Structure formats: C-alpha cells, structure tokens
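Here's query.cif, which has mmCIF, C-alpha atoms and all ligand atoms:
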data_run
loop_
_atom_site.label_atom_id
_atom_site.label_comp_id
_atom_site.auth_asym_id
_atom_site.auth_seq_id
_atom_site.Cartn_x
_atom_site.Cartn_y
_atom_site.Cartn_z
CA MET A 9 -11.50 -111.84 11.80
CA ILE A 10 -14.64 -112.37 9.73
CA ARG A 11 -15.47 -116.01 8.91
CA LEU A 12 -15.69 -116.68 5.20
CA GLY A 13 -18.35 -119.19 4.20
CA ILE A 14 -18.05 -120.48 0.65
CA ASN A 15 -21.36 -121.37 -0.94
CA ILE A 16 -20.64 -124.33 -3.19
CA ASP A 17 -24.12 -124.69 -4.79
CA HIS A 18 -22.74 -123.30 -8.01
CA VAL A 19 -20.40 -126.26 -8.41
CA ALA A 20 -23.45 -128.52 -8.34
CA THR A 21 -25.18 -126.24 -10.86
CA VAL A 22 -22.47 -127.04 -13.40
CA ARG A 23 -22.70 -130.76 -12.66
CA GLN A 24 -26.50 -130.76 -12.93
CA ALA A 25 -26.31 -129.05 -16.33
CA ARG A 26 -25.20 -132.47 -17.61
CA LYS A 27 -26.58 -134.59 -14.76
CA THR A 28 -23.19 -136.23 -14.45
CA PHE A 29 -20.73 -136.75 -11.58
CA GLU A 30 -18.42 -133.77 -12.14
CA PRO A 31 -17.51 -131.27 -10.83
CA ASP A 32 -17.89 -132.67 -7.33
CA PRO A 33 -19.05 -130.22 -4.61
CA VAL A 34 -17.24 -132.24 -1.95
CA GLU A 35 -13.93 -131.96 -3.79
CA ALA A 36 -14.62 -128.25 -4.30
CA ALA A 37 -15.32 -127.87 -0.57
CA THR A 38 -12.01 -129.56 0.27
CA MET A 39 -10.13 -127.21 -2.06
CA ALA A 40 -11.99 -124.22 -0.59
CA GLU A 41 -10.90 -125.33 2.88
CA ARG A 42 -7.30 -125.47 1.64
CA GLY A 43 -7.71 -121.90 0.40
CA GLY A 44 -8.78 -120.82 3.88
CA ALA A 45 -12.58 -121.12 3.87
CA ASP A 46 -13.85 -121.03 7.44
CA GLN A 47 -17.18 -122.54 6.51
CA ILE A 48 -18.86 -124.39 3.68
CA THR A 49 -22.42 -123.39 2.85
CA ALA A 50 -24.82 -125.44 0.76
CA HIS A 51 -28.48 -124.86 -0.07
CA LEU A 52 -30.74 -127.85 -0.66
CA ARG A 53 -33.68 -126.48 -2.61
CA ALA A 54 -37.06 -128.19 -2.85
CA ASP A 55 -36.62 -128.37 -6.65
CA ARG A 56 -33.11 -129.92 -6.28
CA ARG A 57 -31.84 -127.70 -9.07
CA HIS A 58 -28.23 -127.84 -7.86
CA ILE A 59 -27.32 -129.52 -4.56
CA GLN A 60 -28.80 -133.02 -4.20
CA ASP A 61 -29.63 -134.97 -1.04
CA TYR A 62 -26.52 -137.11 -1.46
CA ASP A 63 -24.36 -133.93 -1.61
CA ILE A 64 -25.69 -132.80 1.74
CA GLU A 65 -24.99 -136.22 3.26
CA ALA A 66 -21.47 -136.28 1.80
CA LEU A 67 -20.68 -132.68 2.73
CA SER A 68 -21.96 -133.16 6.22
CA ALA A 69 -19.48 -136.03 6.66
CA ALA A 70 -16.53 -134.50 4.76
CA VAL A 71 -16.46 -130.82 5.70
CA GLN A 72 -13.77 -130.14 8.29
CA VAL A 73 -14.61 -126.50 8.95
CA LYS A 74 -18.10 -125.31 9.91
CA PHE A 75 -20.95 -126.63 7.78
CA ASN A 76 -23.82 -124.23 7.15
CA PHE A 77 -26.96 -125.86 5.75
CA GLU A 78 -29.24 -123.42 3.96
CA CYS A 79 -32.84 -124.42 3.50
CA ALA A 80 -36.45 -123.32 3.48
CA SER A 81 -38.54 -123.53 6.62
CA GLU A 82 -40.26 -126.73 5.46
CA GLU A 83 -40.81 -130.16 6.99
CA GLU A 84 -38.64 -132.09 4.54
CA MET A 85 -35.64 -129.81 5.07
CA LEU A 86 -36.07 -129.55 8.82
CA SER A 87 -36.03 -133.32 9.20
CA ILE A 88 -32.83 -133.56 7.12
CA ALA A 89 -31.27 -130.84 9.28
CA CYS A 90 -32.31 -132.49 12.54
CA ARG A 91 -30.88 -135.83 11.39
CA LEU A 92 -27.54 -134.46 10.08
CA LYS A 93 -27.13 -131.74 12.72
CA PRO A 94 -24.99 -129.28 10.75
CA ASP A 95 -23.13 -126.62 12.73
CA GLN A 96 -25.62 -124.05 11.51
CA VAL A 97 -28.89 -123.82 9.62
CA CYS A 98 -29.70 -120.66 7.73
CA LEU A 99 -33.41 -120.47 6.94
CA VAL A 100 -34.13 -118.79 3.61
CA PRO A 101 -37.27 -118.12 1.57
CA GLU A 102 -37.74 -120.13 -1.60
CA ASN A 103 -39.65 -119.37 -4.73
CA ARG A 104 -39.66 -121.79 -7.64
CA GLN A 105 -39.44 -119.08 -10.32
CA GLU A 106 -36.39 -117.30 -8.91
CA ILE A 107 -32.87 -117.65 -10.34
CA THR A 108 -31.42 -117.24 -6.86
CA THR A 109 -32.75 -116.30 -3.40
CA GLU A 110 -34.33 -112.97 -4.21
CA GLY A 111 -35.38 -111.49 -0.90
CA GLY A 112 -35.03 -112.15 2.77
CA LEU A 113 -37.44 -114.19 4.90
CA ASP A 114 -40.60 -112.36 5.84
CA VAL A 115 -40.30 -113.11 9.55
CA VAL A 116 -43.06 -110.65 10.41
CA THR A 117 -45.71 -112.36 8.24
CA HIS A 118 -44.61 -115.96 8.78
CA ARG A 119 -43.66 -115.56 12.38
CA ASP A 120 -45.52 -118.59 13.78
CA THR A 121 -44.29 -121.08 11.18
CA ILE A 122 -40.73 -119.81 11.45
CA ALA A 123 -40.91 -119.90 15.26
CA ARG A 124 -41.87 -123.60 15.15
CA SER A 125 -38.99 -124.37 12.78
CA VAL A 126 -36.51 -122.43 14.91
CA ASP A 127 -37.66 -124.24 18.07
CA ARG A 128 -37.27 -127.62 16.45
CA LEU A 129 -33.76 -126.84 15.17
CA GLN A 130 -32.65 -125.35 18.47
CA GLN A 131 -33.98 -128.35 20.38
CA ASN A 132 -31.63 -130.41 18.21
CA GLY A 133 -28.73 -128.23 19.30
CA ILE A 134 -28.44 -126.40 15.97
CA PHE A 135 -27.33 -122.76 15.73
CA VAL A 136 -30.00 -120.94 13.71
CA SER A 137 -29.58 -117.98 11.42
CA LEU A 138 -32.38 -116.23 9.50
CA PHE A 139 -31.69 -114.64 6.12
CA VAL A 140 -33.41 -111.25 6.26
CA ASP A 141 -33.43 -107.98 4.37
CA PRO A 142 -31.73 -105.10 6.22
CA GLU A 143 -35.06 -103.87 7.61
CA THR A 144 -35.85 -102.83 11.17
CA THR A 145 -39.08 -104.83 11.47
CA GLN A 146 -37.53 -108.06 10.17
CA ILE A 147 -34.52 -107.80 12.47
CA ALA A 148 -36.75 -107.05 15.46
CA ALA A 149 -38.95 -110.06 14.63
CA ALA A 150 -35.87 -112.31 14.30
CA ALA A 151 -34.59 -111.12 17.68
CA GLU A 152 -37.97 -111.84 19.28
CA LEU A 153 -37.82 -115.42 18.01
CA GLY A 154 -34.56 -115.94 19.90
CA VAL A 155 -32.48 -117.13 16.93
CA GLU A 156 -28.73 -116.97 17.29
CA ALA A 157 -27.99 -114.88 14.18
CA VAL A 158 -29.33 -113.04 11.17
CA GLU A 159 -27.71 -113.01 7.77
CA LEU A 160 -28.38 -109.65 6.15
CA HIS A 161 -29.27 -109.91 2.47
CA THR A 162 -26.68 -107.85 0.59
CA GLY A 163 -28.42 -108.32 -2.79
CA ALA A 164 -29.74 -104.75 -3.07
CA TYR A 165 -26.25 -103.41 -2.28
CA SER A 166 -24.64 -105.79 -4.78
CA ASN A 167 -27.12 -104.92 -7.52
CA ALA A 168 -26.86 -101.13 -7.07
CA GLN A 169 -26.53 -99.44 -10.46
CA THR A 170 -25.06 -96.09 -9.44
CA ALA A 171 -22.52 -94.89 -6.87
CA GLU A 172 -25.32 -93.06 -5.08
CA GLN A 173 -27.50 -96.16 -4.88
CA LEU A 174 -24.52 -98.16 -3.66
CA GLN A 175 -23.95 -95.68 -0.81
CA GLN A 176 -27.64 -95.74 0.10
CA GLU A 177 -27.71 -99.54 0.24
CA LEU A 178 -24.47 -99.63 2.23
CA ALA A 179 -25.95 -97.13 4.69
CA LYS A 180 -29.00 -99.42 5.09
CA LEU A 181 -26.71 -102.35 5.84
CA GLU A 182 -24.79 -100.24 8.39
CA VAL A 183 -27.96 -99.11 10.16
CA ALA A 184 -29.30 -102.67 10.21
CA SER A 185 -25.97 -103.92 11.54
CA ALA A 186 -26.09 -101.43 14.40
CA GLN A 187 -29.59 -102.69 15.26
CA VAL A 188 -28.30 -106.28 15.24
CA ALA A 189 -25.31 -105.29 17.38
CA ALA A 190 -27.65 -103.78 19.97
CA SER A 191 -29.51 -107.11 20.22
CA PRO A 192 -28.29 -110.56 21.28
CA LEU A 193 -28.14 -111.58 17.58
CA ARG A 194 -24.86 -112.35 15.81
CA LEU A 195 -24.35 -110.59 12.50
CA HIS A 196 -23.79 -112.41 9.19
CA ALA A 197 -24.20 -111.12 5.63
CA GLY A 198 -24.14 -112.31 2.07
CA HIS A 199 -25.54 -112.51 -1.44
CA GLY A 200 -24.12 -111.05 -4.61
CA LEU A 201 -20.82 -110.07 -3.01
CA ASN A 202 -17.75 -110.17 -5.23
CA TYR A 203 -14.08 -109.16 -5.34
CA SER A 204 -14.99 -105.53 -6.16
CA ASN A 205 -17.76 -104.86 -3.67
CA VAL A 206 -16.91 -106.97 -0.61
CA GLN A 207 -14.64 -104.56 1.26
CA PRO A 208 -17.13 -101.86 2.34
CA VAL A 209 -19.36 -104.61 3.76
CA ALA A 210 -16.40 -106.33 5.44
CA ARG A 211 -15.64 -103.02 7.23
CA ILE A 212 -18.90 -103.20 9.18
CA ALA A 213 -17.48 -103.61 12.67
CA GLU A 214 -20.05 -106.05 14.05
CA LEU A 215 -19.85 -108.49 11.15
CA GLU A 216 -18.81 -112.05 12.04
CA GLU A 217 -19.55 -114.04 8.89
CA LEU A 218 -19.84 -113.57 5.14
CA ASN A 219 -21.28 -116.17 2.78
CA ILE A 220 -20.10 -115.85 -0.80
CA GLY A 221 -20.72 -118.23 -3.68
CA HIS A 222 -21.13 -117.20 -7.29
CA SER A 223 -18.20 -114.82 -7.57
CA VAL A 224 -15.69 -117.17 -5.92
CA ILE A 225 -16.83 -120.21 -7.92
CA ALA A 226 -16.68 -118.13 -11.12
CA ARG A 227 -13.13 -116.99 -10.31
CA SER A 228 -12.11 -120.55 -9.47
CA ILE A 229 -12.59 -121.44 -13.15
CA SER A 230 -9.66 -119.13 -13.96
CA VAL A 231 -7.36 -119.51 -10.97
CA GLY A 232 -8.52 -122.66 -9.17
CA MET A 233 -10.62 -122.90 -6.03
CA GLU A 234 -7.79 -122.59 -3.53
CA SER A 235 -6.52 -119.32 -5.02
CA ALA A 236 -10.02 -117.93 -5.56
CA VAL A 237 -10.81 -118.41 -1.87
CA ARG A 238 -7.42 -117.13 -0.74
CA GLU A 239 -7.86 -113.94 -2.78
CA MET A 240 -11.28 -113.32 -1.23
CA LYS A 241 -9.94 -113.97 2.28
CA GLN A 242 -7.13 -111.52 1.65
CA LEU A 243 -9.49 -108.79 0.47
CA ILE A 244 -11.60 -109.26 3.58
CA SER A 245 -8.63 -109.19 5.92
CA LEU A 246 -7.21 -106.08 4.21
CA ALA A 247 -10.57 -104.36 4.62
CA VAL A 248 -10.64 -104.95 8.36
CA THR A 249 -7.03 -103.98 9.10
N1 LIG B 1 -26.32 -116.27 1.55
C1 LIG B 1 -27.52 -116.80 1.24
C2 LIG B 1 -28.53 -116.94 2.35
C3 LIG B 1 -27.81 -117.25 -0.06
O1 LIG B 1 -29.03 -117.77 -0.35
C4 LIG B 1 -26.81 -117.15 -1.04
C5 LIG B 1 -27.07 -117.64 -2.44
O2 LIG B 1 -27.31 -118.99 -2.48
C6 LIG B 1 -25.56 -116.60 -0.68
C7 LIG B 1 -25.36 -116.14 0.62
C8 LIG B 1 -24.45 -116.47 -1.65
O3 LIG B 1 -24.83 -115.64 -2.71
P1 LIG B 1 -23.89 -115.50 -3.98
O4 LIG B 1 -23.85 -116.81 -4.66
O5 LIG B 1 -24.57 -114.44 -4.78
O6 LIG B 1 -22.53 -115.09 -3.47
#
Written as structure tokens, how would this file's structure read?
Amino acid sequence: MIRLGINIDHVATVRQARKTFEPDPVEAATMAERGGADQITAHLRADRRHIQDYDIEALSAAVQVKFNFECASEEEMLSIACRLKPDQVCLVPENRQEITTEGGLDVVTHRDTIARSVDRLQQNGIFVSLFVDPETTQIAAAAELGVEAVELHTGAYSNAQTAEQLQQELAKLEVASAQVAASPLRLHAGHGLNYSNVQPVARIAELEELNIGHSVIARSISVGMESAVREMKQLISLAVT
C-alpha cells in the first residue's frame, strides 16, 4: 500500500493571511491522521510564508505517524533538522518569487553542496529524500549521492493541458520510476496531485509514497479534514487493487 503524506503547509497559509492563531496546523495534522494519513509533511521556507519555526517544533512533538520535514539545502534548515530529527527530510529547491516549489532540485549542478547536506542529515540518522524532476541525469546523480529516496516532481503531469500532454508526462514519470526501481533508491512522488489525477500515478508499481497538500486541504474546507484524507486514501487504494 502506498503511504499518503499530507502536506499541511496550506493550513498555515490561511492562518498567516491574518497572522492569527487559527487554523492550527497541528490540529489539522491530528485530523489528517484520523482520516488515515500515513505521514505529515511540512515545509519550512526561508521566507516563513506559511509554516513557522514553532509549527515545526510542535508538529515534530505531536505527529504520531511519520513526520516528513521539507526544506532547502541550507545551514539554517539543516541545523533545525539535525536537532529535531524528523523521520525523513525531503530536500527541495527554493526560490523567493515562486508561488510553490516549481521545479526539482538540480542535483547535477549543485552536487557538492547537496552531498554535504545529505551526509550531515544521514550522520544524524535521518532518512533523506531528494525532490527531483523525472529526468535520467537527476535520478542518476541522486543515486550516486547515496540518498535513501527520490520524490519525483509530478507538477508537469498535474499541469498538463491536453490528454496527449498528460499521457506524455505520465510516460516520463513511468520511465523515471523504472530507473529508480533499478537503483537502490525508494520511490516517492508528489506535487499538484488531486482527486482527479492521482490514480494513474498511484498505479506506478514501484511507488511507495505520495505527498499531497493543496487539493486535500482545499477539499477539507467542504467535507472536513478527516473525510478529505479518507477520500484520497480510498482513491489511491482503488487504483492499486
Ligand atoms: N512534495 C513536495 C516536495 C512539495 O514541495 C509539495 C508542495 O509543497 C508537495 C509535494 C505537495 O504539493 P501540492 O500542495 O501541490 O499537493
């Protein structure tokens, strides 16, 4: 069964719109767990636009399932990770202008810096995943660094405008997944997935983990967090059976 990680940044986005105390990402994480989330994912950005330092502290203590800390490969974030020791760190690129994480890490270009970050995290006993585009060179570079997993960026698939484009992007994800499966890396995926497009990705045989945020948090406004997560879990389990 594929693990479902719920990215709760978007709960903090609503709170930060008013810089108040509600909604609370920790409460949202607890409700997501009740709905069957296997993991809670949170991204602490350098600009602190949604999740704050105190959220990461609180989530790290409160989350009962796996806790996946998403961050950039930067000193400040690495020291938080090494102190809190989440179950997993997913290293992502960050760009101040972007609305959300736009592309995968360029592991080929930034190989040395990323290698140092990976070493430091692994020496602290942390499972490391790199968020990469479904590209041969990036996956090969991630495998060479000896990380435990890659999370394939499904943004291009999710943003496809035509059925043909969708098939092309799905094919890229399938090819990339086969490359990951032939390496020691574990296979994760996420970004832009929703209730309509998740199933073809969930059918990729080697997939172990999906991280989904915006769509589930959006649906939770209508049906509540528990039901929103349960519905997503059900779609994923129907896809794989
Ligand atoms: N995985 C990673 C690495 C991400 O950066 C994000 C977005 O924060 C997600 C998954 C979830 O994306 P979405 O909110 O579009 O479902």
**Message:** To check your reading of the model: which residues sit at most 8 Å from ligand LIG 1 (chain B) when counting all atoms listed in the file? Write the answer as an MDAnalysis selection string.
**Reply:** chainID A and resid 14:15 17:18 50:51 78 98:100 108:109 139 159 161 163 197:202 218:224
**Prompt:** Skipping near chain neighbours, those fewer than 4 positions away, what residues fall within 8 Å of Arg194 of chain A using all atoms listed in the file, listed as number ranges by chain?
**Reply:** A: 156-158, 188-189, 215-216
**Prompt:** Residues at most 10 Å from segment 113-115 of chain A, counting all atoms listed in the file, excluding those fewer than 6 positions away in the same chain, as a ChimeraX atom specification?
**Reply:** /A:80-81,99-102,121-123,138-141,145-150,153,161
Only C-alpha atoms, please: the residues just picked out, written as a PDB file, keeping the file's coordinate frame.
ATOM      1  CA  ALA A  80     -36.450-123.320   3.480  1.00  0.00           C
ATOM      2  CA  SER A  81     -38.540-123.530   6.620  1.00  0.00           C
ATOM      3  CA  LEU A  99     -33.410-120.470   6.940  1.00  0.00           C
ATOM      4  CA  VAL A 100     -34.130-118.790   3.610  1.00  0.00           C
ATOM      5  CA  PRO A 101     -37.270-118.120   1.570  1.00  0.00           C
ATOM      6  CA  GLU A 102     -37.740-120.130  -1.600  1.00  0.00           C
ATOM      7  CA  THR A 121     -44.290-121.080  11.180  1.00  0.00           C
ATOM      8  CA  ILE A 122     -40.730-119.810  11.450  1.00  0.00           C
ATOM      9  CA  ALA A 123     -40.910-119.900  15.260  1.00  0.00           C
ATOM     10  CA  LEU A 138     -32.380-116.230   9.500  1.00  0.00           C
ATOM     11  CA  PHE A 139     -31.690-114.640   6.120  1.00  0.00           C
ATOM     12  CA  VAL A 140     -33.410-111.250   6.260  1.00  0.00           C
ATOM     13  CA  ASP A 141     -33.430-107.980   4.370  1.00  0.00           C
ATOM     14  CA  THR A 145     -39.080-104.830  11.470  1.00  0.00           C
ATOM     15  CA  GLN A 146     -37.530-108.060  10.170  1.00  0.00           C
ATOM     16  CA  ILE A 147     -34.520-107.800  12.470  1.00  0.00           C
ATOM     17  CA  ALA A 148     -36.750-107.050  15.460  1.00  0.00           C
ATOM     18  CA  ALA A 149     -38.950-110.060  14.630  1.00  0.00           C
ATOM     19  CA  ALA A 150     -35.870-112.310  14.300  1.00  0.00           C
ATOM     20  CA  LEU A 153     -37.820-115.420  18.010  1.00  0.00           C
ATOM     21  CA  HIS A 161     -29.270-109.910   2.470  1.00  0.00           C
TER      22      HIS A 161
END
**Message:** Which residue is closest to Ala66 of chain A? Choose from A:Pro94, A:Gly112, A:Pro142, A:Gly13 and count all atoms listed in the file.
**Reply:**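 Result for the nearest residue to Ala66 of chain A: A:Pro94.
When all atoms listed in the file are used to measure the gap to Pro192 of chain A, the shortest distance among A:Glu214, A:Ala247, A:Val231, A:Ala151 belongs to A:Ala151.
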**Request:** Give the answer as one residue: which of A:Ser245, A:Glu143, A:Leu52, A:Asn103 has the shortest atom-to-atom distance to Cys79 of chain A, using only C-alpha atoms?
**Result:**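 Looking only at the distances to Cys79 of chain A, the closest residue turns out to be A:Leu52.
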**Prompt:** How far is it from atom CA of Thr49 of chain A to atom CA of Leu246 of chain A, in Å with one decimal?
**Reply:**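 These atoms are spaced 23.1 Å apart.
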**Prompt:** Using all atoms listed in the file, which of the listed residues (A:Asn76, A:Ile229, A:Glu83, A:Leu92) sits closest to Arg124 of chain A?
**Reply:**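 The closest residue to Arg124 of chain A is A:Glu83.
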**Item:** Between atom CA of Thr162 of chain A and atom CA of Ala213 of chain A - distance in Å to one decimal
**Value:** 15.8 Å
Show me that you can extract segment 98-131 of chain A, keeping N, CA and C atoms, and write it as a JSON list (two decimals), in the first residue's frame.
[["chain", "number", "residue", "atom", "x", "y", "z"],
["A", 98, "CYS", "N", 13.02, 15.86, 3.22],
["A", 98, "CYS", "CA", 12.98, 15.94, 1.76],
["A", 98, "CYS", "C", 13.59, 17.28, 1.37],
["A", 99, "LEU", "N", 14.72, 17.23, 0.70],
["A", 99, "LEU", "CA", 15.39, 18.47, 0.28],
["A", 99, "LEU", "C", 14.75, 18.97, -1.02],
["A", 100, "VAL", "N", 14.38, 20.25, -1.01],
["A", 100, "VAL", "CA", 13.71, 20.85, -2.16],
["A", 100, "VAL", "C", 14.43, 22.15, -2.54],
["A", 101, "PRO", "N", 14.28, 22.58, -3.79],
["A", 101, "PRO", "CA", 14.85, 23.88, -4.16],
["A", 101, "PRO", "C", 13.91, 24.97, -3.68],
["A", 102, "GLU", "N", 14.42, 26.16, -3.48],
["A", 102, "GLU", "CA", 13.57, 27.27, -3.07],
["A", 102, "GLU", "C", 13.92, 28.51, -3.84],
["A", 103, "ASN", "N", 12.89, 29.21, -4.25],
["A", 103, "ASN", "CA", 13.07, 30.44, -4.99],
["A", 103, "ASN", "C", 12.05, 31.42, -4.45],
["A", 104, "ARG", "N", 12.51, 32.57, -4.01],
["A", 104, "ARG", "CA", 11.64, 33.52, -3.31],
["A", 104, "ARG", "C", 10.43, 33.96, -4.13],
["A", 105, "GLN", "N", 10.58, 34.02, -5.45],
["A", 105, "GLN", "CA", 9.49, 34.54, -6.29],
["A", 105, "GLN", "C", 8.37, 33.51, -6.52],
["A", 106, "GLU", "N", 8.66, 32.23, -6.30],
["A", 106, "GLU", "CA", 7.71, 31.20, -6.72],
["A", 106, "GLU", "C", 6.47, 31.15, -5.81],
["A", 107, "ILE", "N", 5.35, 30.71, -6.39],
["A", 107, "ILE", "CA", 4.13, 30.54, -5.60],
["A", 107, "ILE", "C", 4.23, 29.23, -4.83],
["A", 108, "THR", "N", 4.78, 28.21, -5.48],
["A", 108, "THR", "CA", 5.04, 26.93, -4.84],
["A", 108, "THR", "C", 6.31, 26.36, -5.46],
["A", 109, "THR", "N", 6.80, 25.23, -4.93],
["A", 109, "THR", "CA", 8.05, 24.66, -5.43],
["A", 109, "THR", "C", 7.91, 24.34, -6.93],
["A", 110, "GLU", "N", 8.64, 25.08, -7.76],
["A", 110, "GLU", "CA", 8.36, 24.99, -9.19],
["A", 110, "GLU", "C", 9.07, 23.87, -9.93],
["A", 111, "GLY", "N", 10.28, 23.57, -9.53],
["A", 111, "GLY", "CA", 11.00, 22.50, -10.23],
["A", 111, "GLY", "C", 11.69, 21.63, -9.21],
["A", 112, "GLY", "N", 12.29, 20.56, -9.69],
["A", 112, "GLY", "CA", 13.03, 19.71, -8.78],
["A", 112, "GLY", "C", 14.40, 20.30, -8.48],
["A", 113, "LEU", "N", 15.10, 19.67, -7.54],
["A", 113, "LEU", "CA", 16.48, 20.06, -7.22],
["A", 113, "LEU", "C", 17.37, 19.79, -8.41],
["A", 114, "ASP", "N", 18.32, 20.69, -8.67],
["A", 114, "ASP", "CA", 19.29, 20.40, -9.71],
["A", 114, "ASP", "C", 20.49, 19.71, -9.03],
["A", 115, "VAL", "N", 20.37, 18.40, -8.90],
["A", 115, "VAL", "CA", 21.40, 17.64, -8.18],
["A", 115, "VAL", "C", 22.70, 17.60, -8.98],
["A", 116, "VAL", "N", 22.57, 17.68, -10.31],
["A", 116, "VAL", "CA", 23.76, 17.62, -11.16],
["A", 116, "VAL", "C", 24.62, 18.87, -10.93],
["A", 117, "THR", "N", 24.00, 20.04, -10.98],
["A", 117, "THR", "CA", 24.75, 21.30, -10.82],
["A", 117, "THR", "C", 25.23, 21.53, -9.39],
["A", 118, "HIS", "N", 24.36, 21.21, -8.42],
["A", 118, "HIS", "CA", 24.69, 21.53, -7.02],
["A", 118, "HIS", "C", 25.15, 20.30, -6.24],
["A", 119, "ARG", "N", 25.71, 19.39, -6.94],
["A", 119, "ARG", "CA", 26.07, 18.10, -6.39],
["A", 119, "ARG", "C", 26.87, 18.19, -5.08],
["A", 120, "ASP", "N", 27.90, 19.03, -5.05],
["A", 120, "ASP", "CA", 28.78, 19.06, -3.86],
["A", 120, "ASP", "C", 28.06, 19.60, -2.64],
["A", 121, "THR", "N", 27.32, 20.68, -2.82],
["A", 121, "THR", "CA", 26.57, 21.26, -1.69],
["A", 121, "THR", "C", 25.54, 20.26, -1.19],
["A", 122, "ILE", "N", 24.82, 19.65, -2.12],
["A", 122, "ILE", "CA", 23.77, 18.70, -1.71],
["A", 122, "ILE", "C", 24.42, 17.50, -1.02],
["A", 123, "ALA", "N", 25.55, 17.05, -1.54],
["A", 123, "ALA", "CA", 26.24, 15.89, -0.93],
["A", 123, "ALA", "C", 26.59, 16.19, 0.52],
["A", 124, "ARG", "N", 27.06, 17.41, 0.80],
["A", 124, "ARG", "CA", 27.42, 17.77, 2.19],
["A", 124, "ARG", "C", 26.17, 17.76, 3.08],
["A", 125, "SER", "N", 25.07, 18.29, 2.55],
["A", 125, "SER", "CA", 23.82, 18.31, 3.33],
["A", 125, "SER", "C", 23.34, 16.88, 3.61],
["A", 126, "VAL", "N", 23.39, 16.06, 2.58],
["A", 126, "VAL", "CA", 22.91, 14.67, 2.72],
["A", 126, "VAL", "C", 23.74, 13.94, 3.78],
["A", 127, "ASP", "N", 25.06, 14.11, 3.69],
["A", 127, "ASP", "CA", 25.97, 13.48, 4.67],
["A", 127, "ASP", "C", 25.60, 13.86, 6.09],
["A", 128, "ARG", "N", 25.41, 15.16, 6.27],
["A", 128, "ARG", "CA", 25.12, 15.67, 7.62],
["A", 128, "ARG", "C", 23.80, 15.09, 8.14],
["A", 129, "LEU", "N", 22.80, 15.05, 7.30],
["A", 129, "LEU", "CA", 21.50, 14.51, 7.72],
["A", 129, "LEU", "C", 21.62, 13.01, 8.02],
["A", 130, "GLN", "N", 22.29, 12.31, 7.14],
["A", 130, "GLN", "CA", 22.42, 10.85, 7.34],
["A", 130, "GLN", "C", 23.23, 10.53, 8.59],
["A", 131, "GLN", "N", 24.23, 11.37, 8.87],
["A", 131, "GLN", "CA", 25.02, 11.13, 10.09],
["A", 131, "GLN", "C", 24.17, 11.32, 11.34]]
